[in-house]
>>> print(open('input_28.cif').read())   # mmCIF, N, CA and C atoms
data_model
loop_
_atom_site.label_atom_id
_atom_site.label_comp_id
_atom_site.auth_asym_id
_atom_site.auth_seq_id
_atom_site.Cartn_x
_atom_site.Cartn_y
_atom_site.Cartn_z
N MET A 1 1.87 -146.62 -62.47
CA MET A 1 1.40 -147.88 -63.02
C MET A 1 0.55 -147.65 -64.27
N MET A 2 -0.36 -146.72 -64.22
CA MET A 2 -1.19 -146.40 -65.38
C MET A 2 -0.34 -145.86 -66.52
N ILE A 3 0.67 -145.08 -66.20
CA ILE A 3 1.56 -144.53 -67.22
C ILE A 3 2.27 -145.67 -67.94
N LYS A 4 2.79 -146.62 -67.21
CA LYS A 4 3.49 -147.75 -67.81
C LYS A 4 2.56 -148.52 -68.74
N LYS A 5 1.32 -148.71 -68.34
CA LYS A 5 0.36 -149.40 -69.19
C LYS A 5 0.13 -148.62 -70.49
N THR A 6 0.01 -147.31 -70.40
CA THR A 6 -0.16 -146.48 -71.59
C THR A 6 1.05 -146.62 -72.49
N ILE A 7 2.24 -146.56 -71.89
CA ILE A 7 3.47 -146.69 -72.68
C ILE A 7 3.51 -148.04 -73.39
N THR A 8 3.21 -149.11 -72.68
CA THR A 8 3.24 -150.43 -73.28
C THR A 8 2.25 -150.51 -74.44
N THR A 9 1.05 -150.00 -74.26
CA THR A 9 0.06 -150.01 -75.32
C THR A 9 0.54 -149.20 -76.52
N MET A 10 1.09 -148.02 -76.29
CA MET A 10 1.61 -147.20 -77.38
C MET A 10 2.77 -147.90 -78.06
N GLU A 11 3.64 -148.48 -77.27
CA GLU A 11 4.79 -149.18 -77.82
C GLU A 11 4.35 -150.32 -78.73
N GLU A 12 3.41 -151.11 -78.26
CA GLU A 12 2.90 -152.22 -79.05
C GLU A 12 2.25 -151.72 -80.34
N ARG A 13 1.47 -150.66 -80.23
CA ARG A 13 0.79 -150.11 -81.41
C ARG A 13 1.78 -149.56 -82.43
N LEU A 14 2.82 -148.88 -81.95
CA LEU A 14 3.85 -148.37 -82.86
C LEU A 14 4.58 -149.51 -83.57
N LEU A 15 4.86 -150.58 -82.84
CA LEU A 15 5.51 -151.73 -83.46
C LEU A 15 4.62 -152.37 -84.52
N GLU A 16 3.32 -152.48 -84.22
CA GLU A 16 2.37 -153.02 -85.21
C GLU A 16 2.32 -152.14 -86.46
N LEU A 17 2.21 -150.84 -86.26
CA LEU A 17 2.14 -149.90 -87.39
C LEU A 17 3.41 -149.93 -88.22
N SER A 18 4.55 -150.00 -87.56
CA SER A 18 5.81 -150.01 -88.30
C SER A 18 5.97 -151.31 -89.08
N GLU A 19 5.52 -152.41 -88.48
CA GLU A 19 5.59 -153.70 -89.17
C GLU A 19 4.70 -153.70 -90.40
N LYS A 20 3.48 -153.18 -90.26
CA LYS A 20 2.55 -153.08 -91.39
C LYS A 20 3.12 -152.24 -92.53
N GLY A 21 3.79 -151.15 -92.16
CA GLY A 21 4.33 -150.24 -93.16
C GLY A 21 5.74 -150.57 -93.58
N ASN A 22 6.28 -151.70 -93.09
CA ASN A 22 7.65 -152.11 -93.39
C ASN A 22 8.64 -151.00 -93.04
N ILE A 23 8.48 -150.44 -91.85
CA ILE A 23 9.32 -149.35 -91.36
C ILE A 23 10.17 -149.88 -90.22
N LYS A 24 11.47 -149.71 -90.34
CA LYS A 24 12.37 -150.16 -89.28
C LYS A 24 12.40 -149.11 -88.17
N VAL A 25 12.09 -149.51 -86.95
CA VAL A 25 12.07 -148.59 -85.82
C VAL A 25 12.87 -149.14 -84.65
N ARG A 26 13.32 -148.22 -83.84
CA ARG A 26 13.89 -148.54 -82.53
C ARG A 26 13.17 -147.64 -81.54
N ILE A 27 12.59 -148.22 -80.53
CA ILE A 27 11.82 -147.45 -79.57
C ILE A 27 12.56 -147.41 -78.24
N GLU A 28 12.70 -146.22 -77.71
CA GLU A 28 13.27 -146.02 -76.39
C GLU A 28 12.20 -145.38 -75.53
N THR A 29 12.11 -145.75 -74.27
CA THR A 29 11.14 -145.14 -73.37
C THR A 29 11.88 -144.51 -72.19
N TYR A 30 11.34 -143.41 -71.72
CA TYR A 30 11.92 -142.67 -70.60
C TYR A 30 10.81 -142.30 -69.63
N SER A 31 11.12 -142.33 -68.35
CA SER A 31 10.13 -141.99 -67.33
C SER A 31 10.07 -140.49 -67.07
N ASP A 32 11.08 -139.75 -67.53
CA ASP A 32 11.11 -138.30 -67.31
C ASP A 32 12.00 -137.64 -68.36
N GLY A 33 11.70 -136.39 -68.65
CA GLY A 33 12.45 -135.64 -69.64
C GLY A 33 13.92 -135.47 -69.31
N VAL A 34 14.26 -135.46 -68.03
CA VAL A 34 15.65 -135.27 -67.63
C VAL A 34 16.53 -136.43 -68.12
N PHE A 35 15.99 -137.64 -68.13
CA PHE A 35 16.75 -138.80 -68.60
C PHE A 35 16.91 -138.79 -70.11
N LEU A 36 15.87 -138.37 -70.80
CA LEU A 36 15.96 -138.22 -72.26
C LEU A 36 16.98 -137.16 -72.63
N LEU A 37 16.93 -136.02 -71.97
CA LEU A 37 17.86 -134.93 -72.26
C LEU A 37 19.31 -135.37 -72.02
N ALA A 38 19.53 -136.17 -71.01
CA ALA A 38 20.88 -136.68 -70.74
C ALA A 38 21.37 -137.53 -71.91
N ASP A 39 20.52 -138.39 -72.45
CA ASP A 39 20.91 -139.21 -73.61
C ASP A 39 21.11 -138.35 -74.85
N ILE A 40 20.28 -137.37 -75.04
CA ILE A 40 20.43 -136.48 -76.20
C ILE A 40 21.78 -135.77 -76.13
N ARG A 41 22.15 -135.32 -74.95
CA ARG A 41 23.45 -134.65 -74.77
C ARG A 41 24.61 -135.59 -74.97
N LYS A 42 24.39 -136.90 -74.83
CA LYS A 42 25.42 -137.91 -75.09
C LYS A 42 25.50 -138.25 -76.58
N GLY A 43 24.56 -137.70 -77.37
CA GLY A 43 24.60 -137.93 -78.81
C GLY A 43 23.58 -138.91 -79.35
N VAL A 44 22.69 -139.40 -78.51
CA VAL A 44 21.64 -140.31 -79.00
C VAL A 44 20.69 -139.49 -79.89
N GLU A 45 20.40 -140.00 -81.06
CA GLU A 45 19.57 -139.29 -82.04
C GLU A 45 18.17 -139.88 -82.10
N PHE A 46 17.19 -139.00 -82.25
CA PHE A 46 15.80 -139.40 -82.41
C PHE A 46 15.18 -138.63 -83.57
N ASP A 47 14.33 -139.31 -84.31
CA ASP A 47 13.61 -138.67 -85.42
C ASP A 47 12.22 -138.23 -84.99
N LEU A 48 11.64 -138.96 -84.07
CA LEU A 48 10.26 -138.70 -83.66
C LEU A 48 10.16 -138.83 -82.15
N LEU A 49 9.63 -137.80 -81.51
CA LEU A 49 9.44 -137.83 -80.06
C LEU A 49 7.96 -137.76 -79.74
N TYR A 50 7.49 -138.67 -78.92
CA TYR A 50 6.16 -138.60 -78.33
C TYR A 50 6.38 -138.11 -76.91
N LEU A 51 5.85 -136.94 -76.61
CA LEU A 51 6.09 -136.31 -75.31
C LEU A 51 4.80 -135.98 -74.58
N ASP A 52 4.89 -136.02 -73.27
CA ASP A 52 3.83 -135.48 -72.44
C ASP A 52 4.31 -134.11 -71.97
N ILE A 53 3.41 -133.24 -71.61
CA ILE A 53 3.81 -131.92 -71.13
C ILE A 53 4.23 -132.00 -69.67
N GLU A 54 3.44 -132.69 -68.88
CA GLU A 54 3.71 -132.75 -67.44
C GLU A 54 4.57 -133.96 -67.10
N MET A 55 5.77 -133.68 -66.60
CA MET A 55 6.68 -134.71 -66.12
C MET A 55 7.29 -134.21 -64.83
N GLU A 56 7.80 -135.12 -64.04
CA GLU A 56 8.22 -134.77 -62.68
C GLU A 56 9.36 -133.76 -62.61
N GLN A 57 10.48 -134.02 -63.28
CA GLN A 57 11.65 -133.15 -63.14
C GLN A 57 11.81 -132.14 -64.27
N LEU A 58 11.57 -132.56 -65.49
CA LEU A 58 11.74 -131.69 -66.65
C LEU A 58 10.51 -131.84 -67.54
N ASP A 59 9.71 -130.79 -67.64
CA ASP A 59 8.48 -130.87 -68.42
C ASP A 59 8.77 -130.98 -69.92
N GLY A 60 7.78 -131.45 -70.65
CA GLY A 60 7.94 -131.70 -72.08
C GLY A 60 8.20 -130.46 -72.92
N LEU A 61 7.70 -129.32 -72.48
CA LEU A 61 7.93 -128.08 -73.22
C LEU A 61 9.37 -127.60 -73.05
N SER A 62 9.88 -127.63 -71.83
CA SER A 62 11.28 -127.25 -71.59
C SER A 62 12.23 -128.21 -72.29
N LEU A 63 11.89 -129.48 -72.27
CA LEU A 63 12.70 -130.49 -72.96
C LEU A 63 12.75 -130.19 -74.45
N ALA A 64 11.60 -129.89 -75.05
CA ALA A 64 11.54 -129.60 -76.49
C ALA A 64 12.36 -128.37 -76.85
N ARG A 65 12.34 -127.35 -76.01
CA ARG A 65 13.14 -126.15 -76.27
C ARG A 65 14.62 -126.49 -76.34
N GLU A 66 15.09 -127.32 -75.44
CA GLU A 66 16.50 -127.74 -75.46
C GLU A 66 16.78 -128.62 -76.67
N PHE A 67 15.90 -129.56 -76.92
CA PHE A 67 16.07 -130.50 -78.02
C PHE A 67 16.12 -129.80 -79.38
N ARG A 68 15.26 -128.82 -79.57
CA ARG A 68 15.17 -128.10 -80.84
C ARG A 68 16.44 -127.33 -81.21
N LYS A 69 17.25 -126.97 -80.23
CA LYS A 69 18.48 -126.22 -80.51
C LYS A 69 19.38 -126.97 -81.49
N ASP A 70 19.43 -128.28 -81.38
CA ASP A 70 20.30 -129.09 -82.23
C ASP A 70 19.54 -130.05 -83.15
N HIS A 71 18.22 -130.09 -83.03
CA HIS A 71 17.43 -131.06 -83.81
C HIS A 71 16.20 -130.39 -84.43
N PRO A 72 16.42 -129.46 -85.33
CA PRO A 72 15.29 -128.71 -85.89
C PRO A 72 14.36 -129.54 -86.78
N ASN A 73 14.82 -130.67 -87.28
CA ASN A 73 14.01 -131.44 -88.22
C ASN A 73 13.26 -132.62 -87.60
N ALA A 74 13.48 -132.89 -86.35
CA ALA A 74 12.79 -134.00 -85.69
C ALA A 74 11.31 -133.67 -85.56
N VAL A 75 10.50 -134.70 -85.46
CA VAL A 75 9.06 -134.55 -85.36
C VAL A 75 8.65 -134.71 -83.89
N LEU A 76 7.86 -133.74 -83.40
CA LEU A 76 7.37 -133.78 -82.02
C LEU A 76 5.86 -133.97 -82.01
N ILE A 77 5.42 -134.99 -81.31
CA ILE A 77 4.00 -135.23 -81.11
C ILE A 77 3.75 -135.27 -79.61
N TYR A 78 2.85 -134.41 -79.16
CA TYR A 78 2.51 -134.36 -77.74
C TYR A 78 1.25 -135.17 -77.49
N ILE A 79 1.29 -135.91 -76.38
CA ILE A 79 0.13 -136.65 -75.90
C ILE A 79 -0.09 -136.20 -74.47
N SER A 80 -1.19 -135.49 -74.26
CA SER A 80 -1.37 -134.88 -72.94
C SER A 80 -2.83 -134.49 -72.68
N ASN A 81 -3.12 -134.26 -71.42
CA ASN A 81 -4.41 -133.71 -71.01
C ASN A 81 -4.37 -132.19 -70.94
N HIS A 82 -3.21 -131.61 -71.10
CA HIS A 82 -3.00 -130.18 -70.88
C HIS A 82 -3.15 -129.36 -72.17
N GLU A 83 -4.37 -129.20 -72.62
CA GLU A 83 -4.64 -128.44 -73.83
C GLU A 83 -4.38 -126.95 -73.65
N SER A 84 -4.25 -126.50 -72.42
CA SER A 84 -4.00 -125.08 -72.16
C SER A 84 -2.60 -124.66 -72.65
N TYR A 85 -1.74 -125.61 -72.97
CA TYR A 85 -0.39 -125.31 -73.45
C TYR A 85 -0.29 -125.27 -74.97
N LEU A 86 -1.40 -125.43 -75.67
CA LEU A 86 -1.35 -125.53 -77.13
C LEU A 86 -0.62 -124.37 -77.80
N LYS A 87 -0.87 -123.15 -77.36
CA LYS A 87 -0.20 -121.99 -77.97
C LYS A 87 1.31 -122.06 -77.78
N GLU A 88 1.76 -122.47 -76.61
CA GLU A 88 3.19 -122.57 -76.34
C GLU A 88 3.85 -123.67 -77.17
N LEU A 89 3.11 -124.69 -77.51
CA LEU A 89 3.67 -125.80 -78.28
C LEU A 89 4.06 -125.36 -79.70
N PHE A 90 3.45 -124.29 -80.20
CA PHE A 90 3.85 -123.77 -81.50
C PHE A 90 5.28 -123.24 -81.47
N GLU A 91 5.74 -122.79 -80.32
CA GLU A 91 7.10 -122.25 -80.17
C GLU A 91 8.18 -123.30 -80.45
N VAL A 92 7.84 -124.57 -80.27
CA VAL A 92 8.82 -125.63 -80.48
C VAL A 92 8.50 -126.46 -81.73
N ASP A 93 7.68 -125.88 -82.61
CA ASP A 93 7.35 -126.51 -83.89
C ASP A 93 6.78 -127.92 -83.70
N THR A 94 5.73 -127.99 -82.90
CA THR A 94 5.06 -129.26 -82.64
C THR A 94 4.32 -129.72 -83.89
N PHE A 95 4.48 -130.98 -84.24
CA PHE A 95 3.86 -131.53 -85.43
C PHE A 95 2.37 -131.83 -85.19
N ARG A 96 2.06 -132.48 -84.07
CA ARG A 96 0.68 -132.84 -83.74
C ARG A 96 0.49 -132.87 -82.22
N PHE A 97 -0.78 -132.81 -81.82
CA PHE A 97 -1.15 -132.90 -80.41
C PHE A 97 -2.30 -133.88 -80.28
N LEU A 98 -2.14 -134.86 -79.40
CA LEU A 98 -3.19 -135.83 -79.12
C LEU A 98 -3.65 -135.66 -77.68
N SER A 99 -4.95 -135.53 -77.50
CA SER A 99 -5.51 -135.45 -76.15
C SER A 99 -5.70 -136.86 -75.60
N LYS A 100 -5.57 -136.96 -74.28
CA LYS A 100 -5.87 -138.22 -73.61
C LYS A 100 -7.34 -138.22 -73.25
N PRO A 101 -8.04 -139.33 -73.33
CA PRO A 101 -7.55 -140.62 -73.82
C PRO A 101 -7.27 -140.54 -75.33
N ILE A 102 -6.34 -141.35 -75.75
CA ILE A 102 -5.86 -141.28 -77.13
C ILE A 102 -6.87 -141.87 -78.11
N ASN A 103 -7.15 -141.11 -79.15
CA ASN A 103 -7.99 -141.56 -80.25
C ASN A 103 -7.11 -142.42 -81.16
N THR A 104 -7.44 -143.70 -81.27
CA THR A 104 -6.62 -144.65 -82.02
C THR A 104 -6.44 -144.27 -83.48
N GLU A 105 -7.51 -143.83 -84.12
CA GLU A 105 -7.42 -143.46 -85.53
C GLU A 105 -6.48 -142.28 -85.74
N LYS A 106 -6.57 -141.28 -84.87
CA LYS A 106 -5.66 -140.13 -84.97
C LYS A 106 -4.23 -140.55 -84.67
N PHE A 107 -4.03 -141.39 -83.68
CA PHE A 107 -2.69 -141.87 -83.33
C PHE A 107 -2.04 -142.52 -84.54
N GLU A 108 -2.78 -143.38 -85.20
CA GLU A 108 -2.25 -144.07 -86.38
C GLU A 108 -1.99 -143.11 -87.53
N ALA A 109 -2.91 -142.21 -87.78
CA ALA A 109 -2.74 -141.23 -88.86
C ALA A 109 -1.55 -140.33 -88.59
N TYR A 110 -1.39 -139.87 -87.36
CA TYR A 110 -0.28 -138.98 -87.02
C TYR A 110 1.06 -139.70 -87.16
N PHE A 111 1.09 -140.98 -86.81
CA PHE A 111 2.32 -141.76 -86.99
C PHE A 111 2.67 -141.83 -88.48
N ARG A 112 1.68 -142.17 -89.30
CA ARG A 112 1.94 -142.26 -90.75
C ARG A 112 2.37 -140.90 -91.32
N ASN A 113 1.73 -139.82 -90.88
CA ASN A 113 2.11 -138.47 -91.33
C ASN A 113 3.54 -138.14 -90.92
N ALA A 114 3.91 -138.49 -89.71
CA ALA A 114 5.26 -138.22 -89.22
C ALA A 114 6.30 -138.99 -90.02
N VAL A 115 6.02 -140.26 -90.29
CA VAL A 115 6.94 -141.08 -91.08
C VAL A 115 7.11 -140.49 -92.47
N GLU A 116 6.03 -140.07 -93.09
CA GLU A 116 6.10 -139.45 -94.42
C GLU A 116 6.96 -138.20 -94.41
N LYS A 117 6.87 -137.45 -93.32
CA LYS A 117 7.61 -136.19 -93.23
C LYS A 117 9.12 -136.39 -93.30
N PHE A 118 9.62 -137.43 -92.67
CA PHE A 118 11.08 -137.59 -92.66
C PHE A 118 11.60 -138.84 -93.35
N SER A 119 10.75 -139.69 -93.88
CA SER A 119 11.21 -140.95 -94.45
C SER A 119 12.04 -140.79 -95.71
N SER A 120 11.83 -139.74 -96.46
CA SER A 120 12.58 -139.58 -97.70
C SER A 120 14.06 -139.31 -97.45
N SER A 121 14.40 -138.81 -96.27
CA SER A 121 15.79 -138.46 -96.01
C SER A 121 16.55 -139.47 -95.15
N ARG A 122 15.87 -140.46 -94.59
CA ARG A 122 16.54 -141.40 -93.68
C ARG A 122 16.07 -142.82 -93.92
N LYS A 123 16.99 -143.75 -93.69
CA LYS A 123 16.63 -145.16 -93.81
C LYS A 123 16.24 -145.74 -92.45
N LYS A 124 16.85 -145.25 -91.38
CA LYS A 124 16.54 -145.73 -90.04
C LYS A 124 15.71 -144.69 -89.31
N SER A 125 14.86 -145.15 -88.43
CA SER A 125 14.05 -144.23 -87.64
C SER A 125 14.13 -144.64 -86.18
N PHE A 126 14.23 -143.67 -85.33
CA PHE A 126 14.29 -143.92 -83.89
C PHE A 126 13.15 -143.19 -83.24
N PHE A 127 12.42 -143.88 -82.42
CA PHE A 127 11.24 -143.30 -81.81
C PHE A 127 11.36 -143.30 -80.30
N LEU A 128 10.72 -142.34 -79.71
CA LEU A 128 10.72 -142.23 -78.26
C LEU A 128 9.37 -141.78 -77.79
N PHE A 129 8.99 -142.22 -76.64
CA PHE A 129 7.84 -141.62 -75.98
C PHE A 129 8.00 -141.74 -74.49
N LEU A 130 7.31 -140.88 -73.78
CA LEU A 130 7.39 -140.86 -72.33
C LEU A 130 6.10 -141.36 -71.73
#
>>> encode(input="input_28.cif", output="structure tokens")
Amino acid sequence: MMIKKTITTMEERLLELSEKGNIKVRIETYSDGVFLLADIRKGVEFDLLYLDIEMEQLDGLSLAREFRKDHPNAVLIYISNHESYLKELFEVDTFRFLSKPINTEKFEAYFRNAVEKFSSSRKKSFFLFL
């Protein structure tokens, strides 16, 4: 229940930020990495992933390792309480890490930084978070 509330708040904030910046987004949400990986294997493309490290079936680090094999240019932002994994997150070329509870100013800045990183090469953006 708390996770869903966090997702809804993040989703609303991303929509507000994208509207302010005139950025077209599509947001998909997943309850576990295994469902995201299934869609990725079906060919669903994402430019920016918001991931947690701890998930029930497939953790965010294992998911990122699989995802990176075919998506080296996507932006990964982790939102988690597990700061002990920071060194391992470098292995999957993590763009940013946000600790929970989420700092709103950093969340907004990281979103803008991520958009800047890939906006020059794409007109559409697809976002995901867990």
>>> residues_around(input="input_28.cif", residues="A:Thr94", least_positions_apart="5", cutoff="8 Å", atoms="all atoms listed in the file", output="list in words")
Val75, Leu76, Ile77, Tyr78, Glu88 and Leu89 of chain A
>>> axis_aligned_box(input="input_28.cif", around="stretch 106-115 of chain A", padding_each_side="5 Å", output="lines of an AutoDock Vina configuration file")
center_x = 0.3
center_y = -141.1
center_z = -87.9
size_x = 23.7
size_y = 15.9
size_z = 19.1
>>> atom_distance(input="input_28.cif", atom1="atom C of A:Glu83", atom2="atom CA of A:Asp59")
14.4 Å
>>> select_by_dssp(input="input_28.cif", residues="stretch 32-124 of chain A", states="strand (DSSP E)", output="list in words")
Leu48, Leu49, Tyr50, Leu51, Val75, Leu76, Ile77, Tyr78, Ile79, Ser80, Arg96, Phe97, Leu98 and Ser99 of chain A
>>> resolve_selection(input="input_28.cif", expression="the PyMOL selection byres (((chain A and resi 51 and name CA) around 12) and name CA)", output="PyMOL selection string")
chain A and resi 7+10+29-33+36+48-50+52-55+58-64+67+75-82+89+94-99+127-130
>>> write_last_selection(input="input_28.cif", atoms="N, CA and C atoms", output="short mmCIF file (atom, residue, chain, number, x, y, z; two decimals), keeping the file's coordinate frame")
data_model
loop_
_atom_site.label_atom_id
_atom_site.label_comp_id
_atom_site.auth_asym_id
_atom_site.auth_seq_id
_atom_site.Cartn_x
_atom_site.Cartn_y
_atom_site.Cartn_z
N ILE A 7 2.24 -146.56 -71.89
CA ILE A 7 3.47 -146.69 -72.68
C ILE A 7 3.51 -148.04 -73.39
N MET A 10 1.09 -148.02 -76.29
CA MET A 10 1.61 -147.20 -77.38
C MET A 10 2.77 -147.90 -78.06
N THR A 29 12.11 -145.75 -74.27
CA THR A 29 11.14 -145.14 -73.37
C THR A 29 11.88 -144.51 -72.19
N TYR A 30 11.34 -143.41 -71.72
CA TYR A 30 11.92 -142.67 -70.60
C TYR A 30 10.81 -142.30 -69.63
N SER A 31 11.12 -142.33 -68.35
CA SER A 31 10.13 -141.99 -67.33
C SER A 31 10.07 -140.49 -67.07
N ASP A 32 11.08 -139.75 -67.53
CA ASP A 32 11.11 -138.30 -67.31
C ASP A 32 12.00 -137.64 -68.36
N GLY A 33 11.70 -136.39 -68.65
CA GLY A 33 12.45 -135.64 -69.64
C GLY A 33 13.92 -135.47 -69.31
N LEU A 36 15.87 -138.37 -70.80
CA LEU A 36 15.96 -138.22 -72.26
C LEU A 36 16.98 -137.16 -72.63
N LEU A 48 11.64 -138.96 -84.07
CA LEU A 48 10.26 -138.70 -83.66
C LEU A 48 10.16 -138.83 -82.15
N LEU A 49 9.63 -137.80 -81.51
CA LEU A 49 9.44 -137.83 -80.06
C LEU A 49 7.96 -137.76 -79.74
N TYR A 50 7.49 -138.67 -78.92
CA TYR A 50 6.16 -138.60 -78.33
C TYR A 50 6.38 -138.11 -76.91
N ASP A 52 4.89 -136.02 -73.27
CA ASP A 52 3.83 -135.48 -72.44
C ASP A 52 4.31 -134.11 -71.97
N ILE A 53 3.41 -133.24 -71.61
CA ILE A 53 3.81 -131.92 -71.13
C ILE A 53 4.23 -132.00 -69.67
N GLU A 54 3.44 -132.69 -68.88
CA GLU A 54 3.71 -132.75 -67.44
C GLU A 54 4.57 -133.96 -67.10
N MET A 55 5.77 -133.68 -66.60
CA MET A 55 6.68 -134.71 -66.12
C MET A 55 7.29 -134.21 -64.83
N LEU A 58 11.57 -132.56 -65.49
CA LEU A 58 11.74 -131.69 -66.65
C LEU A 58 10.51 -131.84 -67.54
N ASP A 59 9.71 -130.79 -67.64
CA ASP A 59 8.48 -130.87 -68.42
C ASP A 59 8.77 -130.98 -69.92
N GLY A 60 7.78 -131.45 -70.65
CA GLY A 60 7.94 -131.70 -72.08
C GLY A 60 8.20 -130.46 -72.92
N LEU A 61 7.70 -129.32 -72.48
CA LEU A 61 7.93 -128.08 -73.22
C LEU A 61 9.37 -127.60 -73.05
N SER A 62 9.88 -127.63 -71.83
CA SER A 62 11.28 -127.25 -71.59
C SER A 62 12.23 -128.21 -72.29
N LEU A 63 11.89 -129.48 -72.27
CA LEU A 63 12.70 -130.49 -72.96
C LEU A 63 12.75 -130.19 -74.45
N ALA A 64 11.60 -129.89 -75.05
CA ALA A 64 11.54 -129.60 -76.49
C ALA A 64 12.36 -128.37 -76.85
N PHE A 67 15.90 -129.56 -76.92
CA PHE A 67 16.07 -130.50 -78.02
C PHE A 67 16.12 -129.80 -79.38
N VAL A 75 10.50 -134.70 -85.46
CA VAL A 75 9.06 -134.55 -85.36
C VAL A 75 8.65 -134.71 -83.89
N LEU A 76 7.86 -133.74 -83.40
CA LEU A 76 7.37 -133.78 -82.02
C LEU A 76 5.86 -133.97 -82.01
N ILE A 77 5.42 -134.99 -81.31
CA ILE A 77 4.00 -135.23 -81.11
C ILE A 77 3.75 -135.27 -79.61
N TYR A 78 2.85 -134.41 -79.16
CA TYR A 78 2.51 -134.36 -77.74
C TYR A 78 1.25 -135.17 -77.49
N ILE A 79 1.29 -135.91 -76.38
CA ILE A 79 0.13 -136.65 -75.90
C ILE A 79 -0.09 -136.20 -74.47
N SER A 80 -1.19 -135.49 -74.26
CA SER A 80 -1.37 -134.88 -72.94
C SER A 80 -2.83 -134.49 -72.68
N ASN A 81 -3.12 -134.26 -71.42
CA ASN A 81 -4.41 -133.71 -71.01
C ASN A 81 -4.37 -132.19 -70.94
N HIS A 82 -3.21 -131.61 -71.10
CA HIS A 82 -3.00 -130.18 -70.88
C HIS A 82 -3.15 -129.36 -72.17
N LEU A 89 3.11 -124.69 -77.51
CA LEU A 89 3.67 -125.80 -78.28
C LEU A 89 4.06 -125.36 -79.70
N THR A 94 5.73 -127.99 -82.90
CA THR A 94 5.06 -129.26 -82.64
C THR A 94 4.32 -129.72 -83.89
N PHE A 95 4.48 -130.98 -84.24
CA PHE A 95 3.86 -131.53 -85.43
C PHE A 95 2.37 -131.83 -85.19
N ARG A 96 2.06 -132.48 -84.07
CA ARG A 96 0.68 -132.84 -83.74
C ARG A 96 0.49 -132.87 -82.22
N PHE A 97 -0.78 -132.81 -81.82
CA PHE A 97 -1.15 -132.90 -80.41
C PHE A 97 -2.30 -133.88 -80.28
N LEU A 98 -2.14 -134.86 -79.40
CA LEU A 98 -3.19 -135.83 -79.12
C LEU A 98 -3.65 -135.66 -77.68
N SER A 99 -4.95 -135.53 -77.50
CA SER A 99 -5.51 -135.45 -76.15
C SER A 99 -5.70 -136.86 -75.60
N PHE A 127 12.42 -143.88 -82.42
CA PHE A 127 11.24 -143.30 -81.81
C PHE A 127 11.36 -143.30 -80.30
N LEU A 128 10.72 -142.34 -79.71
CA LEU A 128 10.72 -142.23 -78.26
C LEU A 128 9.37 -141.78 -77.79
N PHE A 129 8.99 -142.22 -76.64
CA PHE A 129 7.84 -141.62 -75.98
C PHE A 129 8.00 -141.74 -74.49
N LEU A 130 7.31 -140.88 -73.78
CA LEU A 130 7.39 -140.86 -72.33
C LEU A 130 6.10 -141.36 -71.73
#
>>> atom_distance(input="input_28.cif", atom1="atom C of A:Ser18", atom2="atom N of A:Asn73")
22.5 Å
>>> closest_residue(input="input_28.cif", among="A:Gly21, A:Leu86, A:Arg65, A:Glu56", to="A:Phe111", atoms="only C-alpha atoms")
A:Gly21
>>> atom_distance(input="input_28.cif", atom1="atom N of A:Asp47", atom2="atom CA of A:Ala74")
5.7 Å
>>> closest_residue(input="input_28.cif", among="A:Val115, A:Phe90, A:Pro72, A:Gln57", to="A:Val34", atoms="only N, CA and C atoms")
A:Gln57
